[in-house]
Structures are given as C-alpha cells and as structure tokens.
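Visitor: Mind having a look at this structure? Questions to follow.
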Amino acid sequence: MRVSARTGLVLAAIVLTLGSPLPAFADDDDAMDRDTISASVDPADKGLTILNIKSRITSGQIAGFVCAGAAPDAPPVADPTSCGPQGVATILYQYSGDVYRPILDRKAQYVAEGRKVGTVTGNPAFPGSFFGLAQGPMQLLGPTLPWTCNGCALKVNGTTFHVRKADMPMDGRAFTGLGPVVDPIAAGKLSLRMAGCAGIDADDKGPYAGKSGTICVNGTFWFDQAFNGIGSSNCTLVLQTPLSAP
C-alpha cells in the first residue's frame, strides 16, 4: 500500500502527539538505569506526564470509628461497641509504605519491583459494613463496597502529591463480588481487590512541582481478623501543568 507524503506527515504528527511511555524492561539494562519511572511528555502542550509506579503497603491498622448518627463535628471513638445499637458508620484506617519503579517484561507484564522512588501514607475511610468481611463470604456484602481516602500523600522522586479531598476525592471500591484473591484459610488473611481514582496536586518540590492531575490505583489488600493490613497496588498518575488564569 502506497502512502502519500501528506498522509505520512499526518501519521507522524499523530505518533508525536500521543507520545510513548518508557517502561522498565526486565531484560533492558539501559531502561532499568533510567532515573525516570515511566514518563511521556505530550509535545502538544509540553506538560503531560505519565507515571507508572508500584506501591507496597507495609503497615495498616484501624485508627478509629465514626458512629452512625453522630454529629459532623463529633470526634471518632476508639471502641466500636461504644457506638451502641446504631453501630459504626465509618471505619477510619491508616497505612504507610514504600513506592517502587515496576519492572516489566516485553509483554508489559509485571516482573518485580525496581528501585525505591518514594513513600506513601494515607487515611482511608471504609463503611461500617467492612466488618462483614470477617463474618462470612464476601459475596453476601454485594458486588462492591465504597471507600475513600482522607489525607493521603504520595512522594515520588522528591515531589509529594496530595489528594484533592474537597473537590476531587478518592472514589474507590472494594470488589467483594470477585471473592478473595487467594484462599483466605491457606493465607491466614483475607485478600481483597481494591481500586479507585482521585484528583491530585503536587507540592512545589521535585521534578513534578506544581503539576496537577489524576491518580488511579488497582491492587490487593490483605486483612487479618484484627483488620491489620498489608498490600500492594499498581498506580498510574497522569499529570498536567495547570493553565494560567485568564
């Protein structure tokens, strides 16, 4: 098939506009040594950056409870039984962990964690129905359970990103309808698929200073009977340089 010179120029322009990510390949030493994680800059606006990272939550535990029917300014309680017959409306959680470059094979499948590039902390909020996870099959809770994140912070290559809680909060779901990722009896913990997206802003430090955009997470979290948890998540950040005020 013959391609005209004009058509060739149009195709080239499309390729340049879309850009191309630079994944870390397991058998590519040069790719593994790059300082960037996986970045693609859109030449159309000189400000679009895509980051693919792997977060590993190493510590997670319940931080308190909000009772059903409590006043908006009521402080959380430490003991869920103090909520009385109305029960728990929200389970407050807290977690911390590390962030790594993902190493992929030539099929774009995850192989291993690369070097550490940052840290992550967060205070997710789960509905009280999460307590049902320890009492029976996940499917009894419905196909999904909602969750959000308060005060979540992700630090990558010296830049810290914060979720825009006021106007673009984390819209997350636990996919209880899928059942456990692995046999919970054999593993000793309940493994749960979780995903969600939020708007984020960067601080004024590091290579992504001043950028805004979105983050989407997709991973697995493991809870024991006391709801202590660990987990891992594949995360994608798509960042842009905010437009100047008119």
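Residues are referred to by chain and number: the chain letter is A, B, ... according to the order shown in the structure tokens, the number counts from 1 in that chain, and ligands are numbered separately from 1 in the order shown.
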Counting only C-alpha atoms, what is within 8 Å of segment 222-236 of chain A, bar same-chain residues fewer than 4 positions away, as a list in words?
Guide: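 That gives Ile50, Leu51, Asn52, Ile53, Lys54, Ser55, Arg56, Ile57, Thr58, Ser59, Gly60, Gln61, Ile62, Ala134, Gly188, Lys189, Leu190, Ser191, Leu192, Ile215, Cys216, Val217 and Asn218 of chain A.
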Visitor: Please identify all polymer residues within 6 Å of Lys211 of chain A, counting only C-alpha atoms, omitting same-chain residues fewer than 6 positions from it, and present them as a PyMOL selection string.
Guide: chain A and resi 202+240-241
Visitor: Could you check the closest approach to Ala195 of chain A for each of A:Leu239, A:Leu145, A:Val120, A:Leu48 and tell me which residue wins, using only C-alpha atoms?
Guide: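 Closest residue, counting only C-alpha atoms: A:Leu145.
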Visitor: Could you pull out the strand (DSSP E) residues of segment 72-189 of chain A from DSSP and send them as a ChimeraX atom specification?
Guide: /A:88-104,110-127,145-156,159-163,171-174
Visitor: A:Val117, A:Leu178, A:Ala153, A:Met168: which is nearest Gln139 of chain A, counting only C-alpha atoms?
Guide: A:Leu178
Visitor: What is the atom CA of Gln86 of chain A-atom CA of Gln135 of chain A distance in Å, reported with one decimal?
Guide: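 Spanning atom CA of Gln86 of chain A to atom CA of Gln135 of chain A is a straight-line distance of 18.8 Å.
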Visitor: Just the residues within 10 Å of Phe161 of chain A, please, counting only C-alpha atoms, with nothing from its chain fewer than 5 positions along; format it as a list in words.
Guide: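 What passes the distance filter is Val120, Cys152, Ala153, Leu154, Lys155, Val156, Gly199, Ile200, Asp201, Ala202, Asp203, Asp204, Tyr208, Ala209, Gly210, Lys211, Ser212, Gly213, Ile215 and Leu237 of chain A.
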Visitor: What gap, in Å, lies between atom CA of Thr81 of chain A and atom CA of Ala125 of chain A?
Guide: 18.2 Å
Visitor: Which residue gives the smallest distance to Thr148 of chain A among A:Thr119, A:Ser129, A:Gln109, A:Thr90, with only C-alpha atoms counted?
Guide: A:Thr90
